[in-house]
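Presented below is the structure to which this report refers.
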Protein chains: 4
Amino acid sequence: MKFPSDFLFGYSWSGFQFEMGLPGSEVESDWWVWVHDKENIFSGLVSGDLPENGPAYWHLYKKDHDIAESLGMDAMRGGIEWARIFPKPTFDVKVDVEKDENGNIISIDVPERAIEELEKLANMDALNHYREIYSDWKERGKTFILNLYHWPLPLWLHDPIAVRKLGPDRAPSGWLDERSVVEFTKFAAFIAYHLDDLVDMWSTMNEPNVVYEQGYTRPQSGFPPGYLSHEAAEKAKLNLMQAHARAYDAIKEHSDKPVGVIYAYKWIDAEDEAAEKAVLELRRRDYDFVDGLYSGKSLTAGERKDFKGRVDWVGVNYYSRLLFVTFGDSVRLLEGYGFVSPRGGYAKSGRPASDFGWEIYPEGLEKLLVELNYRYELPLLITENGMADAVDRYRPYYLVSHLAAIHRAMGKGADVRGYLHWSLTDNYEWAQGFRMRFGLVMVDFETKKRYLRPSALVFREIATRKEIPEELEHLADVNAITAR
Amino acid sequence: MKFPSDFLFGYSWSGFQFEMGLPGSEVESDWWVWVHDKENIFSGLVSGDLPENGPAYWHLYKKDHDIAESLGMDAMRGGIEWARIFPKPTFDVKVDVEKDENGNIISIDVPERAIEELEKLANMDALNHYREIYSDWKERGKTFILNLYHWPLPLWLHDPIAVRKLGPDRAPSGWLDERSVVEFTKFAAFIAYHLDDLVDMWSTMNEPNVVYEQGYTRPQSGFPPGYLSHEAAEKAKLNLMQAHARAYDAIKEHSDKPVGVIYAYKWIDAEDEAAEKAVLELRRRDYDFVDGLYSGKSLTAGERKDFKGRVDWVGVNYYSRLLFVTFGDSVRLLEGYGFVSPRGGYAKSGRPASDFGWEIYPEGLEKLLVELNYRYELPLLITENGMADAVDRYRPYYLVSHLAAIHRAMGKGADVRGYLHWSLTDNYEWAQGFRMRFGLVMVDFETKKRYLRPSALVFREIATRKEIPEELEHLADVNAITAR
Amino acid sequence: MKFPSDFLFGYSWSGFQFEMGLPGSEVESDWWVWVHDKENIFSGLVSGDLPENGPAYWHLYKKDHDIAESLGMDAMRGGIEWARIFPKPTFDVKVDVEKDENGNIISIDVPERAIEELEKLANMDALNHYREIYSDWKERGKTFILNLYHWPLPLWLHDPIAVRKLGPDRAPSGWLDERSVVEFTKFAAFIAYHLDDLVDMWSTMNEPNVVYEQGYTRPQSGFPPGYLSHEAAEKAKLNLMQAHARAYDAIKEHSDKPVGVIYAYKWIDAEDEAAEKAVLELRRRDYDFVDGLYSGKSLTAGERKDFKGRVDWVGVNYYSRLLFVTFGDSVRLLEGYGFVSPRGGYAKSGRPASDFGWEIYPEGLEKLLVELNYRYELPLLITENGMADAVDRYRPYYLVSHLAAIHRAMGKGADVRGYLHWSLTDNYEWAQGFRMRFGLVMVDFETKKRYLRPSALVFREIATRKEIPEELEHLADVNAITAR
Amino acid sequence: MKFPSDFLFGYSWSGFQFEMGLPGSEVESDWWVWVHDKENIFSGLVSGDLPENGPAYWHLYKKDHDIAESLGMDAMRGGIEWARIFPKPTFDVKVDVEKDENGNIISIDVPERAIEELEKLANMDALNHYREIYSDWKERGKTFILNLYHWPLPLWLHDPIAVRKLGPDRAPSGWLDERSVVEFTKFAAFIAYHLDDLVDMWSTMNEPNVVYEQGYTRPQSGFPPGYLSHEAAEKAKLNLMQAHARAYDAIKEHSDKPVGVIYAYKWIDAEDEAAEKAVLELRRRDYDFVDGLYSGKSLTAGERKDFKGRVDWVGVNYYSRLLFVTFGDSVRLLEGYGFVSPRGGYAKSGRPASDFGWEIYPEGLEKLLVELNYRYELPLLITENGMADAVDRYRPYYLVSHLAAIHRAMGKGADVRGYLHWSLTDNYEWAQGFRMRFGLVMVDFETKKRYLRPSALVFREIATRKEIPEELEHLADVNAITAR
């Protein structure tokens, strides 16, 4: 099962989850205060594990790049922490914001002058350190994808504890506040201006849908600010769409590289025939964010010319599926399948689930890629795929079966350019902390030592050959990896 | 292991969880709208199961009383749904409310005239139907404990969906609103006036602490209104204390029966020595609600003469423990033990856990009862104890081991008057719906048929003899009931 | 689900497995030396547990009869240990043995004179103690079935250790030696002469097929003498058939009670259609023992007039099934089903298995009874049915589902007269020792104390009412007793 | 954790388990008839799987050697099937046999003339095919260890079905017959004469102790002839010792390579202090076979000068431990540990067990090697080590933890020269058939295709570097590979 010779194999990381771990790497942000908040910890909403005990990529990036290289990786998607670059407000830096008659932000101009002013506010040491990190990778002759936003917001833009106490009207409310759109655009322009030379592909943001879905419609997920409001979710979604579109434009001022967006896809499926129609609608809603930025038309934003054509490539994060069952005249999520399976057990389908309780469902990725290819005529990149599996029980199967699914989808025409595993090393899994181990490489968080899980060797075998060799094809078969 | 000849054996039930199931039994309340809310269901906060498909006690009470009698039960703790009696606001019925200089409600007088006005607002058919239910029980020569409040509030007092949308300032906010204290007192006076002849012991409320803890500090529990605010929790707690004290006084106007309160106890334990001190403080806070109403002094309410002596007996609901471990200079809840154990699996202690993931920990009940006896010189009644165990795998052990723990505590002086199991039949477990099966008696929710689980026979054996006979003592031993 | 008012509920026991446990109850026999043999223990063929540490029924029979009575039992099938009554050879007592031209024993006459001589050889104290045991039961107004042979042979007839060392030609070889037929007939005549007044129904022997199958075709079962020889199995089978027929005749000399035989039935099933024919043949072989004694014609013995009509009733022991699958041009036993399922786990059918690894398969009993009723026009009695389940996890289901299967078979015409559970108390399970717990009543083998498992209460409920009451019918449904 | 640069990494195979699978490779032998015997299959003593459906190494050896080479293996221990070379009796070839006054065979001279006569009886095509197989390996520059006997005997020497039917006196009885000693010596001389040029190290036999222990003391193991007799076991042991000593001498006539013996070691351990003494004695007995051939003194053979010094190196096969517990005044094997643990579950120690139910216990190997080094001043070679693990759940841990144990033992002075894994590919596991999967490489027995399990990649990593690299050291830690 051969992949094209220019197919990329690599991994993805984010700032908050990887950088901290050794002194001097800490950054205050909304997520920082959220996971340190005593009420959150006491209520069990967050784990109590702390990101400052993480894998310490900020200091140990060379080591991790060495390992990645040894595993045959030729691409990496990295992040940059907004709050690290701009620990203080950037509101006062003037830019031209154009709105339409409905108050939508349809254009933002960030002139060179503004970038100069931003330099004075920026932590330039941090910026330079990021340059060192990225350069170390680039000097190895590798591809680098830079993603600008992976969830933490500067505290001056979003204080979820204050929002909880005072309400979103009386505290910095993050993506509920349209000023976030403007500030993000400044940030994007600033980074593109400074770092474009190191970047092969840009992404504005990672999984915006998780931010507004978990944050405003699944309080039990432990995501900030953690209250249930469909309206808030819609508002945040709209602002994130605007933020993407405006950042896209800003980056393009300084770059001729493709600019994309990374989305948290899943396969949405119907348990029974009666649920099919509702599921089609759910899928349509799930595609809506990218649809809007691709075609300029969306359920949330309506017709927006200023959105159209703002996606040069689509980043696909895929982990599992959601299965819906008929419930009265609507549908509801079925427990025991997909993302709501028993942790470390078996889904009701008989398929194994991850430590996180995520059913392993590679068929969903194939179907999804075929659908996305039909939907957009754009290059696709798998920007996240992996599993929480501390003992590496199923990861070899997870890896190979999903690669085989990608290969099948490519056979059906999907224009997939590469596969970035989530992730190279264990890291800090948001509200879950260190319990969820997503690394090909195990990290001993006490000593920061790295150890290769067997799946890392399987990855290397495939990545270095750019194929699933015949003698590893059995690992795509669930029957070869589960007891009869 | 003999119990005193007047030791009560019985069961407890609540209106919302048991009454509905056949047409004509539905009642709108905050919980009703909460579990029907589509956003709640879609987000997975609530199960999607609906209370109108419940065990139908409203219609089938005679059948259940027959079963209870056949199992040797001689006591029952029942409820009455506030929203069923007063579907519309009672604000306009005037009563005298006295406040101190801090705005605390220290006295409420509900004159006969007010009761007459309330009669005009009340659903008297519902009241009469409750009379029939309770009479059916009393005519069997049994003891009846009536509890006035078991969580659902009339929608005119609490609309959690509106609170979520508009904030507690702009929607009926339940126990955050001191008017709830006044209206509850009217309700209590009204019920005592009408039903005292059937009642042997009064309870104002069941597990007020669950209302303010789950509702305001554990959003993931799926309890309304489901946001995290220590301040709101404290405010609700204070109002619930006031509500109890004023209802106590109001009932006493019409009754010479003992009036108590039922609390959700658990055993709070320290994993390590360093956590001991913090745990002592946590216990003190946990006892604070009842402390305040017993002694007039509490952390939350300070010194309140109008609280002192307002508890004639204490209702003890006990299911499991909470284990805390040192975390920095504080403590945090330890997962894998007590209420946060694997569902249907084993706690990290090696003890089995319920379908709900609640570790079976009978020692905690013994320690708790000894502590409560030392703390208050009051009669104690076990008002809830039981487990979610659909297949009746561990319930015989759960039942007997907890009865043995009670017996040991009585040997150490605890004045325990009886044991009310939660519950006779399967019922609607709040946000969890029908998945959690707490019945000695299985209910087929389709047909409403009742079936005895083996543990029902074990219960009968003990209740009819008022002892744990020697030939059943092994069931108190976890080793006899778990594979070696 | 009502049973006829004269339907018997009770239990079965055997001498070797129950009697010993307190000093003075030990008996030497082939099984005694077998389970004490150091090579057997060291090789793991037998457990190393010793029968002299058993439940001590010899001394505690009154206690067990009290419990049986309290559980509503009205019938008991008991045993008598041949080696206890005749510890020394009875060869020298002359009787008339008639053989046909093929050397078959077709008649044995045991005159009164021989019985007198046997009295001099017999341990009359033991005989009298058995009389006391049986009388204690009869005086309660209960039915008593006496079975003469339940596996242990006097050492002077069978020395399995010597057989192993020297071969069956040079050591007492038990049922391979036709003298066993003669001596057994003497024993039968002697017991019938002395104890018929206490007996309601006679059985000559229990599960003769297990003796020759496990003993000569399944060496891994740990049964004496434990070698694999189809010829030996056939020879032992023939002698056991002759022993039954001659004992039948001998008992009839002294008794007008019905005389039957108890057989280890199981349901033999085909996995695939191709296996059906072979399975029909396997069933025919399995029925052959009783067929021969009923009709006088059998595969093993050919036509034997002296066998015909020697069964007045059939004792049915049923535990599980055997599933066969096509294997080349024959069939083989399928692992993972029936008697070869994972211990304490689930059969591949998804049905639970006992601690012994026996799939719970009540349908097989229904089919079997219908088949037996069609095959013989005889009363049937369930003489054994039960499961090894130390923690009583599935026994309530096992009990009720098999009773329901019996009820269904009776509805189809099967003439079933009663149900004797295996067993009342935990006992010594042959090569497995004390690990396999078959009791409705748990025995603490240290203290000899008895404790009721919950299933005992379920049994009582049914036995005292002679019905499966509607409120316990759910226990016949595997779905009510296994997690979804 | 570095190994010496000349430390060997490789694998072991045996003829019966690997060669067959494609037409033309079948050989009749005692094991062949044993696993085909219908009574054995029907009784469940053997699996019913047949060796002619095996991995087909006879035809596919080049493929397997390619894989072995790709995994960094530089040594292989192979076998040669006696019955394949001599399908007919060799009794008539005269050799000089010298006996002492006790009838012991103390010398056998196999003159060149006898070798010529043997050539006429031998299947020279088979011999030449073995030469091709071994040459293919040697031409890759690898080390080759040839083992002469790995269990199957020619049917003319041992017919276990006939032994069962007629007794060992009246049928070819294998190692109970001293003629086997003589014929084996002829075979050894013949093979050494013909193949010594390809051999680096000789072994006379593999695990003789399994032959006499399983064959004569553990009938439930499904090994021929499957009856329990301590005397037979001792006799077989003595003859195997004589066979080794005489074969040693015969090989030395034609070879100057070291000649050793491979033994089935295990770590024998005491559960309680009282068992220690008995366990010391059990260990002494376990070492006795090799002791006798090393020192000339043994429990079984007494003082034998003709045995002394007949071991140049010791082959260590190690899988797990045996744990003994005090039982009366002796000891017995404790179930739940070592080789008698739950299949695919956890030993009572909490350690994982293989699909075969063998506890993973690497500490035992370390202790054993230290003991053997102290006992003999000889080079040691790990000639078998591996686990049945179809899904490769624990094999990476098994492999690395045992290599780490070897490394520790070497640090304590043990002279270990290499590590041969059992095995490269899945194969036919005797009475268990194909259920037990021991391969680093999975075999699809239908298609004969080979697939690398992840553990194969781990093996390669270590073998090619001759070290356990730091980044794989975690795989020696059971905590890294089992869920917390």
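Residue numbering restarts at 1 for every chain of the structure tokens, chains are lettered A, B, ... in their displayed order, and ligands are numbered from 1 as they appear.
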What residues in chain B have any atom no more than 7 Å from chain A when counting only C-alpha atoms, and can you write them as a PDB file with N, CA, C and O atoms, in the first residue's frame?
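Output contents, as saved in iface36.pdb:
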ATOM      1  N   PHE B  42     -29.041  17.119  24.045  1.00  0.00           N
ATOM      2  CA  PHE B  42     -28.071  17.050  22.972  1.00  0.00           C
ATOM      3  C   PHE B  42     -26.642  17.120  23.495  1.00  0.00           C
ATOM      4  O   PHE B  42     -25.739  16.446  23.000  1.00  0.00           O
ATOM      5  N   SER B  43     -26.454  17.934  24.525  1.00  0.00           N
ATOM      6  CA  SER B  43     -25.109  18.074  25.078  1.00  0.00           C
ATOM      7  C   SER B  43     -24.731  16.864  25.928  1.00  0.00           C
ATOM      8  O   SER B  43     -23.577  16.736  26.325  1.00  0.00           O
ATOM      9  N   LYS B 165     -30.053  31.321  30.154  1.00  0.00           N
ATOM     10  CA  LYS B 165     -30.062  32.258  29.028  1.00  0.00           C
ATOM     11  C   LYS B 165     -29.866  33.706  29.481  1.00  0.00           C
ATOM     12  O   LYS B 165     -29.167  34.468  28.833  1.00  0.00           O
ATOM     13  N   THR B 217     -21.905  23.810  41.945  1.00  0.00           N
ATOM     14  CA  THR B 217     -20.450  23.541  41.984  1.00  0.00           C
ATOM     15  C   THR B 217     -20.030  22.305  41.195  1.00  0.00           C
ATOM     16  O   THR B 217     -18.843  22.010  41.128  1.00  0.00           O
ATOM     17  N   ARG B 218     -20.988  21.563  40.642  1.00  0.00           N
ATOM     18  CA  ARG B 218     -20.582  20.422  39.813  1.00  0.00           C
ATOM     19  C   ARG B 218     -21.417  20.396  38.533  1.00  0.00           C
ATOM     20  O   ARG B 218     -22.300  19.554  38.365  1.00  0.00           O
ATOM     21  N   PRO B 219     -21.119  21.310  37.611  1.00  0.00           N
ATOM     22  CA  PRO B 219     -21.937  21.421  36.391  1.00  0.00           C
ATOM     23  C   PRO B 219     -22.003  20.105  35.619  1.00  0.00           C
ATOM     24  O   PRO B 219     -22.983  19.840  34.940  1.00  0.00           O
ATOM     25  N   GLN B 220     -20.973  19.269  35.741  1.00  0.00           N
ATOM     26  CA  GLN B 220     -20.974  18.022  34.986  1.00  0.00           C
ATOM     27  C   GLN B 220     -21.981  17.013  35.529  1.00  0.00           C
ATOM     28  O   GLN B 220     -22.223  15.984  34.902  1.00  0.00           O
ATOM     29  N   TYR B 227     -24.306  25.715  36.871  1.00  0.00           N
ATOM     30  CA  TYR B 227     -23.099  26.520  36.651  1.00  0.00           C
ATOM     31  C   TYR B 227     -22.287  26.587  37.930  1.00  0.00           C
ATOM     32  O   TYR B 227     -22.766  26.294  39.014  1.00  0.00           O
ATOM     33  N   LEU B 228     -21.048  26.960  37.777  1.00  0.00           N
ATOM     34  CA  LEU B 228     -20.120  26.848  38.877  1.00  0.00           C
ATOM     35  C   LEU B 228     -19.947  28.192  39.545  1.00  0.00           C
ATOM     36  O   LEU B 228     -19.420  29.130  38.947  1.00  0.00           O
ATOM     37  N   SER B 229     -20.429  28.331  40.761  1.00  0.00           N
ATOM     38  CA  SER B 229     -20.283  29.581  41.486  1.00  0.00           C
ATOM     39  C   SER B 229     -20.365  29.289  42.974  1.00  0.00           C
ATOM     40  O   SER B 229     -21.408  28.928  43.507  1.00  0.00           O
ATOM     41  N   ARG B 332      -7.122  17.347  47.020  1.00  0.00           N
ATOM     42  CA  ARG B 332      -8.090  17.182  45.943  1.00  0.00           C
ATOM     43  C   ARG B 332      -8.707  15.786  46.007  1.00  0.00           C
ATOM     44  O   ARG B 332      -8.144  14.882  46.626  1.00  0.00           O
ATOM     45  N   LEU B 333      -9.860  15.697  45.396  1.00  0.00           N
ATOM     46  CA  LEU B 333     -10.596  14.454  45.388  1.00  0.00           C
ATOM     47  C   LEU B 333      -9.805  13.423  44.586  1.00  0.00           C
ATOM     48  O   LEU B 333      -9.300  13.722  43.509  1.00  0.00           O
TER      49      LEU B 333
END
Alpha helix (DSSP H) residues, from DSSP on the backbone, in segment 15-238 of chain A, as a PyMOL selection string: chain A and resi 15-18+30-36+38-43+57-70+82-85+112-121+124-138+160-166+179-195+208-217+230-238
Nearest to Pro469 of chain C by atom-to-atom distance, counting only C-alpha atoms, from C:Leu176, C:Val33, C:Leu148, C:Ala404: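 The closest residue to Pro469 of chain C is C:Ala404.
Going from atom CA of Asp291 of chain D over to atom CA of Arg375 of chain D, you cover 8.3 Å.
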Near-Ala264 of chain B list (7 Å; only C-alpha atoms; drop same-chain fewer than 4 positions) as an MDAnalysis selection string: chainID B and resid 207 209:210 316:318
Length of the atom CA of Phe144 of chain D to atom CA of Leu22 of chain D vector [Å]: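 A separation of 24.6 Å between them.
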Contacts of segment 189-192 of chain B at 12 Å (only C-alpha atoms; same-chain gap of 5+ positions) as a ChimeraX atom specification: /B:79-82,85-86,90,93,95,108-122,124,126-128,130-131,146-149,182-184,197-204,243-244,246-257,259
Å distance separating atom CA of Arg179 of chain A from atom CA of Pro258 of chain A, one decimal place: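 The value is 25.8 Å.
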Backbone-only DSSP, strand (DSSP E or B) members of segment 78-306 of chain D, as a PyMOL selection string: chain D and resi 78-79+96-99+105-109+143-149+158+173+201-206+259-270+297-298+302-303
Contacts of Tyr397 of chain A at 6 Å (only C-alpha atoms; same-chain gap of 3+ positions) as a list in words: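 Answer for this query is Tyr394, Val400, Ser401, Leu475 and Ala476 of chain A.
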Go ahead and dump the residues you just picked, C-alpha atoms, as a PDB file, in the first residue's frame.
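Result saved to selection09.pdb:
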ATOM      1  CA  TYR A 394      -4.079  -0.629  20.252  1.00  0.00           C
ATOM      2  CA  VAL A 400      -2.141   1.457  10.455  1.00  0.00           C
ATOM      3  CA  SER A 401      -5.909   1.131  10.111  1.00  0.00           C
ATOM      4  CA  LEU A 475      -2.148  -4.314  11.639  1.00  0.00           C
ATOM      5  CA  ALA A 476      -4.998  -2.644   9.779  1.00  0.00           C
TER       6      ALA A 476
END
